[in-house]
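J.: Next up, final-v9.txt (compact mmCIF, C-alpha atoms).
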```txt
# COMPACT_ATOMS: atom_id res chain seq x y z
CA SER A 1 -41.03 -21.25 -84.66
CA LYS A 2 -38.32 -18.71 -85.20
CA LEU A 3 -38.36 -17.85 -81.44
CA ALA A 4 -37.58 -21.39 -80.30
CA PRO A 5 -33.76 -21.01 -80.25
CA ALA A 6 -34.05 -17.77 -78.24
CA GLN A 7 -36.57 -19.36 -75.97
CA ARG A 8 -34.29 -22.32 -75.27
CA TYR A 9 -31.31 -20.03 -74.70
CA ALA A 10 -33.26 -17.80 -72.28
CA SER A 11 -34.65 -20.81 -70.47
CA ASN A 12 -31.17 -22.31 -70.05
CA VAL A 13 -29.72 -19.03 -68.82
CA LEU A 14 -32.51 -18.47 -66.33
CA ARG A 15 -32.23 -22.05 -65.14
CA ASP A 16 -28.49 -21.63 -64.53
CA VAL A 17 -29.11 -18.35 -62.74
CA GLY A 18 -31.67 -20.06 -60.52
CA VAL A 19 -29.27 -22.90 -59.75
CA LEU A 20 -26.44 -20.49 -58.89
CA ALA A 21 -28.79 -18.34 -56.80
CA ALA A 22 -30.02 -21.39 -54.90
CA ALA A 23 -26.41 -22.54 -54.29
CA ASN A 24 -25.47 -19.08 -52.98
CA VAL A 25 -28.55 -19.02 -50.75
CA ALA A 26 -27.56 -22.38 -49.30
CA ALA A 27 -23.94 -21.21 -48.80
CA ALA A 28 -25.12 -18.01 -47.06
CA THR A 29 -27.42 -20.07 -44.85
CA ARG A 30 -24.58 -22.35 -43.82
CA ARG A 31 -22.37 -19.32 -43.17
CA ILE A 32 -25.04 -17.79 -40.96
CA GLN A 33 -25.42 -21.04 -39.05
CA ASP A 34 -21.66 -21.33 -38.54
CA ILE A 35 -21.40 -17.76 -37.28
CA ASN A 36 -24.37 -18.23 -34.94
CA ALA A 37 -22.66 -21.34 -33.56
CA VAL A 38 -19.44 -19.40 -32.98
CA LEU A 39 -21.32 -16.59 -31.26
CA ARG A 40 -23.30 -19.05 -29.17
CA ASP A 41 -20.19 -21.00 -28.16
CA GLY A 42 -18.25 -17.82 -27.38
CA MET A 43 -20.97 -16.27 -25.24
CA PRO A 44 -20.03 -18.20 -22.03
CA ARG A 45 -16.40 -17.07 -22.40
CA TYR A 46 -17.47 -13.49 -23.02
CA GLU A 47 -19.80 -13.47 -20.01
CA ALA A 48 -17.13 -15.13 -17.84
CA LEU A 49 -14.66 -12.50 -18.97
CA LEU A 50 -17.03 -9.68 -18.01
CA GLU A 51 -17.68 -11.23 -14.60
CA LEU A 52 -14.00 -11.89 -14.05
CA ARG A 53 -13.15 -8.32 -15.01
CA ALA A 54 -15.66 -6.88 -12.55
CA ASP A 55 -14.56 -9.25 -9.79
CA ALA A 56 -10.87 -8.64 -10.45
CA SER A 57 -11.41 -4.87 -10.41
CA ARG A 58 -13.19 -5.07 -7.05
CA ARG A 59 -10.56 -7.37 -5.59
CA ALA A 60 -7.71 -5.25 -6.92
CA ASP A 61 -9.18 -2.14 -5.32
CA ALA A 62 -9.68 -4.11 -2.11
CA VAL A 63 -6.04 -5.24 -2.18
CA LEU A 64 -4.90 -1.65 -2.68
CA ASP A 65 -7.09 -0.22 0.08
CA GLY A 66 -6.34 -3.08 2.49
CA SER A 67 -2.57 -2.87 1.97
CA CYS A 68 -2.50 0.89 2.50
CA ALA A 69 -4.71 0.60 5.59
CA GLU A 70 -2.46 -2.13 7.00
CA VAL A 71 0.65 -0.03 6.38
CA ARG A 72 -0.96 2.96 8.08
CA ARG A 73 -2.16 0.89 11.04
CA HIS A 74 1.17 -0.85 11.59
CA THR A 75 3.19 2.36 11.25
CA THR A 76 0.94 4.25 13.66
CA ALA A 77 1.00 1.50 16.30
CA HIS A 78 4.73 0.81 15.96
CA LEU A 79 5.92 4.41 16.08
CA ALA A 80 3.49 5.30 18.89
CA THR A 81 4.90 2.45 20.98
CA THR A 82 8.44 3.52 20.09
CA GLN A 83 7.74 7.10 21.11
CA LEU A 84 6.25 5.90 24.39
CA HIS A 85 9.40 3.93 25.28
CA LEU A 86 12.13 6.30 24.10
CA GLN A 87 13.86 6.15 27.49
CA ASP A 88 14.56 2.46 27.02
CA ALA A 89 16.54 3.20 23.85
CA ALA A 90 19.32 4.85 25.90
CA GLU A 91 19.68 2.16 28.56
CA LYS A 92 22.80 0.75 26.92
CA VAL A 93 24.62 4.09 26.76
CA ALA A 94 27.64 3.99 29.07
CA TYR A 95 27.58 6.52 31.91
CA GLY A 96 31.06 7.92 32.60
CA GLY A 97 30.27 9.71 35.84
CA LEU A 98 29.39 13.24 36.84
CA LEU A 99 32.35 14.81 35.02
CA ALA A 100 31.24 13.25 31.73
CA LEU A 101 27.58 14.07 32.22
CA TRP A 102 27.36 16.44 29.24
CA THR A 103 28.93 13.87 26.90
CA TYR A 104 26.61 11.24 28.32
CA ALA A 105 23.59 13.45 27.58
CA GLU A 106 24.79 13.95 23.99
CA ASN A 107 25.21 10.19 23.57
CA VAL A 108 21.74 9.60 25.02
CA LEU A 109 20.22 12.08 22.57
CA LEU A 110 22.12 10.48 19.70
CA ALA A 111 20.97 7.01 20.78
CA ILE A 112 17.34 8.16 20.87
CA VAL A 113 17.59 9.68 17.39
CA ARG A 114 19.25 6.58 15.96
CA HIS A 115 16.64 4.40 17.61
CA LEU A 116 13.89 6.44 15.98
CA GLU A 117 15.64 6.19 12.62
CA HIS A 118 15.91 2.43 13.04
CA GLU A 119 12.22 2.07 13.88
CA VAL A 120 11.21 4.27 10.95
CA ALA A 121 13.37 2.05 8.72
CA GLU A 122 11.56 -0.98 10.16
CA CYS A 123 8.25 0.61 9.16
CA ASP A 124 9.69 1.22 5.68
CA ARG A 125 10.59 -2.46 5.43
CA PHE A 126 7.11 -3.48 6.53
CA ALA A 127 5.66 -1.21 3.85
CA CYS A 128 7.90 -2.95 1.29
CA PHE A 129 6.63 -6.32 2.49
CA ALA A 130 3.02 -5.13 2.20
CA ILE A 131 3.71 -3.87 -1.33
CA GLN A 132 5.26 -7.19 -2.35
CA HIS A 133 2.33 -9.09 -0.86
CA ALA A 134 -0.15 -6.87 -2.69
CA ARG A 135 1.71 -7.38 -5.97
CA ALA A 136 1.65 -11.14 -5.43
CA GLU A 137 -2.13 -11.02 -4.97
CA LEU A 138 -2.48 -8.91 -8.11
CA ALA A 139 -0.27 -11.40 -9.98
CA ALA A 140 -2.62 -14.19 -8.90
CA LEU A 141 -5.55 -12.20 -10.29
CA ASP A 142 -3.62 -11.71 -13.50
CA ASP A 143 -3.09 -15.47 -13.74
CA GLY A 144 -6.87 -15.85 -13.75
CA ARG A 145 -7.00 -13.42 -16.65
CA ARG A 146 -4.38 -15.37 -18.59
CA ALA A 147 -6.39 -18.56 -18.15
CA LEU A 148 -9.03 -16.96 -20.39
CA ASP A 149 -6.49 -15.35 -22.69
CA ALA A 150 -6.06 -18.41 -24.96
CA PRO A 151 -8.35 -17.93 -27.98
CA PRO A 152 -10.96 -20.69 -28.41
CA ALA A 153 -10.89 -22.97 -31.43
CA ALA A 154 -14.15 -21.54 -32.69
CA ALA A 155 -12.53 -18.12 -33.02
CA ALA A 156 -10.13 -19.29 -35.75
CA VAL A 157 -12.16 -17.38 -38.33
CA THR A 158 -11.18 -14.16 -36.64
CA ASP A 159 -8.26 -12.10 -37.77
CA ALA A 160 -5.05 -13.04 -35.92
CA THR A 161 -4.49 -9.45 -34.91
CA ALA A 162 -7.86 -9.10 -33.19
CA ASP A 163 -6.52 -9.94 -29.70
CA PRO A 164 -3.85 -7.42 -28.73
CA VAL A 165 -3.57 -8.58 -25.13
CA THR A 166 -0.03 -9.34 -24.04
CA GLY A 167 1.41 -10.82 -20.85
CA ASP A 168 4.20 -8.35 -20.26
CA ALA A 169 2.96 -7.56 -16.75
CA ALA A 170 4.75 -10.61 -15.34
CA ASP A 171 8.17 -8.97 -15.30
CA ASP A 172 6.77 -5.86 -13.63
CA VAL A 173 5.01 -7.90 -10.95
CA ALA A 174 8.25 -9.74 -10.20
CA ALA A 175 10.15 -6.47 -9.65
CA SER A 176 11.37 -5.96 -6.11
CA VAL A 177 10.91 -2.94 -3.85
CA THR A 178 13.59 -1.98 -1.34
CA ALA A 179 13.20 0.19 1.73
CA SER A 180 15.45 2.84 0.18
CA GLN A 181 12.94 3.34 -2.63
CA ILE A 182 10.20 4.47 -0.25
CA ALA A 183 12.39 6.00 2.50
CA SER A 184 11.71 9.61 3.39
CA ILE A 185 13.84 12.25 1.70
CA GLY A 186 16.12 13.93 4.26
CA SER A 187 15.88 13.31 7.98
CA ILE A 188 12.99 11.60 9.71
CA SER A 189 12.15 14.71 11.73
CA ASN A 190 12.95 18.40 11.34
CA ALA A 191 12.52 18.94 15.07
CA LEU A 192 15.21 16.36 15.91
CA ASP A 193 17.67 18.10 13.59
CA ALA A 194 17.46 21.30 15.65
CA VAL A 195 17.23 19.86 19.17
CA GLN A 196 20.00 20.95 21.57
CA LEU A 197 20.86 20.07 25.16
CA GLU A 198 19.46 22.37 27.83
CA LEU A 199 20.14 22.87 31.51
CA GLY A 200 16.69 21.54 32.31
CA ASP A 201 17.73 18.17 30.90
CA PHE A 202 19.94 17.62 33.97
CA VAL A 203 17.51 18.67 36.70
CA ASP A 204 14.18 17.02 37.41
CA LEU A 205 11.97 18.87 39.90
CA ASP A 206 8.77 17.11 39.03
CA LEU A 207 7.16 16.48 42.45
CA GLY A 208 5.10 13.66 41.08
CA ARG A 209 8.11 11.69 39.90
CA SER A 210 11.13 13.08 41.79
CA TRP A 211 9.96 13.32 45.39
CA ALA A 212 13.02 11.39 46.57
CA THR A 213 15.34 13.84 44.80
CA LEU A 214 13.56 16.84 46.29
CA THR A 215 13.76 15.24 49.74
CA SER A 216 17.48 14.64 49.29
CA LEU A 217 18.04 18.28 48.37
CA THR A 218 16.10 19.40 51.43
CA SER A 219 18.09 17.07 53.66
CA LEU A 220 21.33 18.39 52.20
CA THR A 221 20.31 21.99 52.84
CA ALA A 222 19.22 21.24 56.40
CA SER A 223 22.44 19.35 57.10
CA LEU A 224 24.61 22.20 55.91
CA GLY A 225 22.62 24.65 57.96
CA LEU A 226 22.96 22.45 61.00
CA LEU A 227 26.70 22.19 60.45
CA ALA A 228 27.12 25.98 60.30
CA SER A 229 24.97 26.83 63.34
CA LYS A 230 26.60 27.10 66.82
CA SER A 231 23.26 27.70 68.57
CA ALA A 232 21.94 24.44 67.13
CA ALA A 233 24.89 22.62 68.73
CA ALA A 234 24.24 24.26 72.09
CA ASN A 235 20.53 23.40 71.97
CA ALA A 236 21.32 19.81 71.02
CA LEU A 237 23.81 19.59 73.94
CA ALA A 238 21.13 20.78 76.37
CA LEU A 239 18.74 18.14 75.12
CA LEU A 240 21.39 15.45 75.47
CA ARG A 241 22.13 16.49 79.06
CA LEU A 242 18.42 16.38 79.95
CA SER A 243 17.96 12.91 78.45
CA SER A 244 21.24 11.37 79.62
CA SER A 245 23.30 11.47 82.78
CA ALA A 246 26.55 11.42 80.83
CA SER A 247 28.61 14.59 80.72
CA VAL A 248 29.24 15.70 77.15
CA GLY A 249 31.09 18.87 76.34
CA THR A 250 29.95 21.51 73.88
CA ALA A 251 32.86 20.88 71.55
CA THR A 252 32.17 17.16 71.52
CA ALA A 253 28.48 17.76 70.76
CA ARG A 254 29.38 20.07 67.92
CA ARG A 255 31.73 17.47 66.47
CA LEU A 256 29.06 14.79 66.71
CA LEU A 257 26.46 17.02 65.02
CA ALA A 258 28.93 18.05 62.36
CA ALA A 259 29.73 14.41 61.64
CA ALA A 260 26.03 13.57 61.40
CA ALA A 261 25.40 16.53 59.06
CA VAL A 262 28.31 15.50 56.85
CA LEU A 263 27.03 11.95 56.63
CA VAL A 264 23.48 13.04 55.77
CA GLY A 265 24.68 15.60 53.22
CA ALA A 266 27.11 13.15 51.64
CA GLY A 267 24.36 10.58 51.37
CA SER A 268 22.06 13.11 49.69
CA VAL A 269 24.77 14.18 47.25
CA PHE A 270 25.55 10.55 46.48
CA TYR A 271 21.89 9.82 45.77
CA ILE A 272 21.54 12.82 43.48
CA VAL A 273 24.72 12.04 41.58
CA SER A 274 23.92 8.35 41.29
CA ASP A 275 20.49 9.15 39.77
CA MET A 276 21.70 11.76 37.28
CA ASP A 277 21.92 9.30 34.37
CA ALA A 278 18.29 8.24 34.85
CA THR A 279 17.27 11.88 35.13
CA VAL A 280 19.04 12.73 31.88
CA ARG A 281 17.46 9.80 30.06
CA ARG A 282 14.00 10.60 31.40
CA LYS A 283 14.18 14.32 30.66
CA LEU A 284 15.60 13.90 27.15
CA ALA A 285 13.08 11.19 26.30
CA ALA A 286 10.23 13.36 27.54
CA ARG A 287 11.45 16.40 25.61
CA VAL A 288 11.97 14.45 22.39
CA ALA A 289 8.52 12.88 22.75
CA LEU A 290 7.00 16.34 23.19
CA LEU A 291 8.78 17.61 20.07
CA LEU A 292 7.54 14.60 18.10
CA ASP A 293 3.98 15.21 19.27
CA GLU A 294 4.16 18.85 18.20
CA GLU A 295 5.50 17.78 14.79
CA ARG A 296 2.91 14.98 14.37
CA PHE A 297 5.77 12.56 13.84
CA VAL A 298 3.67 9.38 13.93
CA ALA A 299 0.89 10.71 11.69
CA HIS A 300 3.44 12.13 9.23
CA HIS A 301 5.21 8.82 8.67
CA ALA A 302 1.94 6.87 8.62
CA ASP A 303 0.63 9.17 5.89
CA ARG A 304 3.95 9.06 4.03
CA LEU A 305 4.17 5.28 3.94
CA ALA A 306 0.50 4.85 3.08
CA THR A 307 0.95 7.28 0.19
CA GLU A 308 4.11 5.54 -1.00
CA ALA A 309 2.36 2.16 -0.81
CA THR A 310 -0.49 3.55 -2.90
CA ARG A 311 1.95 4.89 -5.47
CA ALA A 312 3.78 1.57 -5.64
CA ILE A 313 0.67 -0.64 -5.91
CA ARG A 314 -1.60 1.59 -8.00
CA PRO A 315 0.25 1.03 -11.34
CA PHE A 316 -0.21 -2.72 -10.98
CA VAL A 317 -3.91 -2.26 -10.29
CA TRP A 318 -4.15 -0.09 -13.38
CA ARG A 319 -2.18 -2.62 -15.43
CA LEU A 320 -4.45 -5.45 -14.34
CA GLN A 321 -7.60 -3.48 -15.09
CA HIS A 322 -6.14 -2.34 -18.40
CA ASN A 323 -5.31 -5.92 -19.41
CA PHE A 324 -8.84 -7.03 -18.60
CA GLN A 325 -10.24 -4.08 -20.53
CA ARG A 326 -8.12 -4.94 -23.56
CA MET A 327 -9.29 -8.55 -23.39
CA VAL A 328 -12.89 -7.42 -23.24
CA GLU A 329 -12.35 -5.03 -26.13
CA ALA A 330 -10.65 -7.79 -28.15
CA GLU A 331 -13.53 -10.16 -27.48
CA GLU A 332 -16.03 -7.47 -28.41
CA LEU A 333 -14.12 -6.78 -31.62
CA ARG A 334 -14.17 -10.50 -32.35
CA ARG A 335 -17.91 -10.68 -31.78
CA ALA A 336 -18.45 -7.50 -33.80
CA ASP A 337 -16.53 -9.07 -36.68
CA HIS A 338 -18.73 -12.17 -36.48
CA LEU A 339 -21.84 -9.98 -36.46
CA ARG A 340 -20.58 -8.05 -39.47
CA ARG A 341 -19.95 -11.29 -41.37
CA ARG A 342 -23.34 -12.61 -40.39
CA ARG A 343 -24.97 -9.44 -41.63
CA CYS A 344 -23.13 -9.75 -44.95
CA ALA A 345 -24.24 -13.39 -45.21
CA GLN A 346 -27.82 -12.39 -44.46
CA ASP A 347 -27.68 -9.68 -47.13
CA SER A 348 -26.29 -12.24 -49.59
CA GLN A 349 -29.00 -14.70 -48.66
CA ILE A 350 -31.72 -12.13 -49.23
CA TYR A 351 -30.18 -10.95 -52.53
CA PHE A 352 -29.74 -14.40 -54.05
CA ASP A 353 -33.13 -15.52 -52.82
CA GLU A 354 -34.70 -12.55 -54.59
CA LEU A 355 -32.56 -13.29 -57.67
CA ARG A 356 -33.76 -16.89 -57.71
CA ALA A 357 -37.38 -15.72 -57.46
CA LYS A 358 -36.87 -13.27 -60.32
CA ALA A 359 -35.22 -15.98 -62.41
CA GLN A 360 -38.18 -18.26 -61.79
CA ASP A 361 -40.60 -15.46 -62.75
CA LEU A 362 -38.66 -14.77 -65.96
CA ALA A 363 -38.52 -18.48 -66.79
CA ALA A 364 -42.28 -18.69 -66.34
CA ALA A 365 -42.71 -15.65 -68.59
CA VAL A 366 -40.51 -17.18 -71.30
CA HIS A 367 -42.49 -20.40 -71.15
CA ALA A 368 -45.73 -18.40 -71.39
CA VAL A 369 -44.47 -16.74 -74.56
CA SER A 370 -43.90 -20.21 -76.07
CA ALA A 371 -47.43 -21.29 -75.14
CA ASP A 372 -48.95 -18.21 -76.71
CA MET A 373 -47.18 -18.79 -79.98
```
Just dump the structure as structure tokens.
T.:
Amino acid sequence: SKLAPAQRYASNVLRDVGVLAAANVAAATRRIQDINAVLRDGMPRYEALLELRADASRRADAVLDGSCAEVRRHTTAHLATTQLHLQDAAEKVAYGGLLALWTYAENVLLAIVRHLEHEVAECDRFACFAIQHARAELAALDDGRRALDAPPAAAAVTDATADPVTGDAADDVAASVTASQIASIGSISNALDAVQLELGDFVDLDLGRSWATLTSLTSLTASLGLLASKSAAANALALLRLSSSASVGTATARRLLAAAAVLVGAGSVFYIVSDMDATVRRKLAARVALLLDEERFVAHHADRLATEATRAIRPFVWRLQHNFQRMVEAEELRRADHLRRRRCAQDSQIYFDELRAKAQDLAAAVHAVSADM
């Protein structure tokens, strides 16, 4: 037949097309199986990464909140105790006597202010320690992230630029924080900058705490009055004559009473003068404590240090969460790339399977033409 060469040519072509289509179907099937294996093997890592991200985010927020709460608690307790014992801060100030009382009061006030500055600096140092400790805990959480950062062997088919996560947070975590970086700008208290000595700082008439001083003043006044009164001497002489048989003259009685009044008055003056340094310390400490209460000194520094601790720790929390988010996004991009390749392989499998079926149909049609002839 004249159609035999064409029939053989068409049959050979269709057979080759069927063979190529079957080979492509098999290759697409293997590709799909390989991608499914990669996705299946990478699922535990992906799920672990999601769980680790959620857990690290919760723990990072807990570290931040706990550190700030600890800084606030320590600062409040420490400065409240310091304010309660301000008088003890001036115990080592040398007292130069009554003539140097004003200078002594100035030194006491200066010692109290410096003591407060020192204790505020101690709170600053504790805040630095809390910040360093929080950063160390965040660094430990970041180490857990880096343990999952190494790409698995099954992900070799993925583009090398798919994982943009870097470990540059290590240098930031290792950075140190000094007390000067979180210290308050200016003085520790505006009220202490304007405080001045007053006359009331040298006199303590509080009956509840200075009964001995008030008694000494009363004794001094009575003694001086007794010394200046002639009628008191005469009355005392009459009493002495009634209670004793000895003959004592009026002049002698007056001298005895005068001597007694001088001794009592001198003792009272000595007591008052000897207690002036304690009075000054007590009065200045009480006045400074009152000024600090009015200014909310303790609450101010507690809020300041808690805020500074938050500002110092928060960037590391954000960095940690950002690194986890980038890892998750990189893993999702990797999985999305696998899914895209699997979809292309599935489309190829369907196309070549249909092509093979069409080639078989055409081959059957060509053979039918030969049978009809």
J.: From the set A:His301, A:Ala23, A:Ala90, A:Leu50, which residue has the shortest atom-to-atom contact distance to A:Glu329, counting only C-alpha atoms?
T.: A:Leu50
J.: Quick one: distance from atom CA of A:Asp55 to atom CA of A:Asp143 in Å, one decimal?
T.: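 Going from atom CA of A:Asp55 over to atom CA of A:Asp143 covers 13.6 Å.
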J.: Mind dumping a table of every stretch 273-351 of chain A residue within 12 Å of stretch 102-114 of chain A, with the nearest atom pair and its distance in Å to one decimal, using only C-alpha atoms, sorted by chain and rising number, as a Markdown table?
T.:
```
| residue | atom | partner | partner_atom | distance |
| --- | --- | --- | --- | --- |
| A:Met276 | CA | A:Ala105 | CA | 10.0 |
| A:Asp277 | CA | A:Tyr104 | CA | 7.9 |
| A:Ala278 | CA | A:Ala105 | CA | 10.4 |
| A:Thr279 | CA | A:Ala105 | CA | 10.0 |
| A:Val280 | CA | A:Ala105 | CA | 6.3 |
| A:Arg281 | CA | A:Val108 | CA | 6.6 |
| A:Arg282 | CA | A:Val108 | CA | 10.1 |
| A:Lys283 | CA | A:Ala105 | CA | 9.9 |
| A:Leu284 | CA | A:Leu109 | CA | 6.8 |
| A:Ala285 | CA | A:Ile112 | CA | 7.5 |
| A:Ala286 | CA | A:Ile112 | CA | 11.0 |
| A:Arg287 | CA | A:Leu109 | CA | 10.2 |
| A:Val288 | CA | A:Ile112 | CA | 8.4 |
| A:Ala289 | CA | A:Ile112 | CA | 10.2 |
| A:Leu292 | CA | A:Val113 | CA | 11.2 |
```
J.: Output the selection as a compact mmCIF listing (two decimals), in the frame of the given file - C-alpha atoms for each residue.
T.:
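Okay, this is what ended up in part_0.txt:
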```txt
# COMPACT_ATOMS: atom_id res chain seq x y z
CA MET A 276 21.70 11.76 37.28
CA ASP A 277 21.92 9.30 34.37
CA ALA A 278 18.29 8.24 34.85
CA THR A 279 17.27 11.88 35.13
CA VAL A 280 19.04 12.73 31.88
CA ARG A 281 17.46 9.80 30.06
CA ARG A 282 14.00 10.60 31.40
CA LYS A 283 14.18 14.32 30.66
CA LEU A 284 15.60 13.90 27.15
CA ALA A 285 13.08 11.19 26.30
CA ALA A 286 10.23 13.36 27.54
CA ARG A 287 11.45 16.40 25.61
CA VAL A 288 11.97 14.45 22.39
CA ALA A 289 8.52 12.88 22.75
CA LEU A 292 7.54 14.60 18.10
```
J.: Which is closest to A:Glu308 among A:Leu101, A:Leu52, A:Ile131, A:Ala10, if we use all atoms listed in the file?
T.: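 The answer is A:Ile131, which sits nearest to A:Glu308.
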J.: So that I can see what lies close to A:Ala312, please list as a VMD selection string the residues with an atom at most 10 Å from it, counting all atoms listed in the file and leaving out residues fewer than 2 positions away in the same chain.
T.: chain A and resid 64 128 131 to 132 134 to 135 177 181 to 182 306 to 310 314 to 317
J.: Dig up all the protein and nucleic acid residues within 12 Å of (-26.3, -21.3, -57.8) in the file frame, using all atoms listed in the file, and format them as a list in words.
T.: Val13, Leu14, Arg15, Asp16, Val17, Gly18, Val19, Leu20, Ala21, Ala22, Ala23, Asn24, Val25, Ala26, Ala27, Ala28, Gln349, Phe352, Asp353, Leu355, Arg356 and Ala359 of chain A
J.: Could you write out that same residue set with C-alpha atoms as a PDB file, in the frame of the given file?
T.:
```pdb
ATOM      1  CA  VAL A  13     -29.720 -19.030 -68.820  1.00  0.00           C
ATOM      2  CA  LEU A  14     -32.510 -18.470 -66.330  1.00  0.00           C
ATOM      3  CA  ARG A  15     -32.230 -22.050 -65.140  1.00  0.00           C
ATOM      4  CA  ASP A  16     -28.490 -21.630 -64.530  1.00  0.00           C
ATOM      5  CA  VAL A  17     -29.110 -18.350 -62.740  1.00  0.00           C
ATOM      6  CA  GLY A  18     -31.670 -20.060 -60.520  1.00  0.00           C
ATOM      7  CA  VAL A  19     -29.270 -22.900 -59.750  1.00  0.00           C
ATOM      8  CA  LEU A  20     -26.440 -20.490 -58.890  1.00  0.00           C
ATOM      9  CA  ALA A  21     -28.790 -18.340 -56.800  1.00  0.00           C
ATOM     10  CA  ALA A  22     -30.020 -21.390 -54.900  1.00  0.00           C
ATOM     11  CA  ALA A  23     -26.410 -22.540 -54.290  1.00  0.00           C
ATOM     12  CA  ASN A  24     -25.470 -19.080 -52.980  1.00  0.00           C
ATOM     13  CA  VAL A  25     -28.550 -19.020 -50.750  1.00  0.00           C
ATOM     14  CA  ALA A  26     -27.560 -22.380 -49.300  1.00  0.00           C
ATOM     15  CA  ALA A  27     -23.940 -21.210 -48.800  1.00  0.00           C
ATOM     16  CA  ALA A  28     -25.120 -18.010 -47.060  1.00  0.00           C
ATOM     17  CA  GLN A 349     -29.000 -14.700 -48.660  1.00  0.00           C
ATOM     18  CA  PHE A 352     -29.740 -14.400 -54.050  1.00  0.00           C
ATOM     19  CA  ASP A 353     -33.130 -15.520 -52.820  1.00  0.00           C
ATOM     20  CA  LEU A 355     -32.560 -13.290 -57.670  1.00  0.00           C
ATOM     21  CA  ARG A 356     -33.760 -16.890 -57.710  1.00  0.00           C
ATOM     22  CA  ALA A 359     -35.220 -15.980 -62.410  1.00  0.00           C
TER      23      ALA A 359
END
```
J.: I'd like the interatomic distance between atom CA of A:Arg45 and atom CA of A:Glu331, to a tenth of an Å.
T.: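 Atom-to-atom, atom CA of A:Arg45 and atom CA of A:Glu331 are spaced 9.0 Å apart.
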J.: Report the distance between atom CA of A:Thr81 and atom CA of A:Tyr95 in Å, rounded to one decimal place.
T.: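 Value for the atom CA of A:Thr81-atom CA of A:Tyr95 distance: 25.5 Å.
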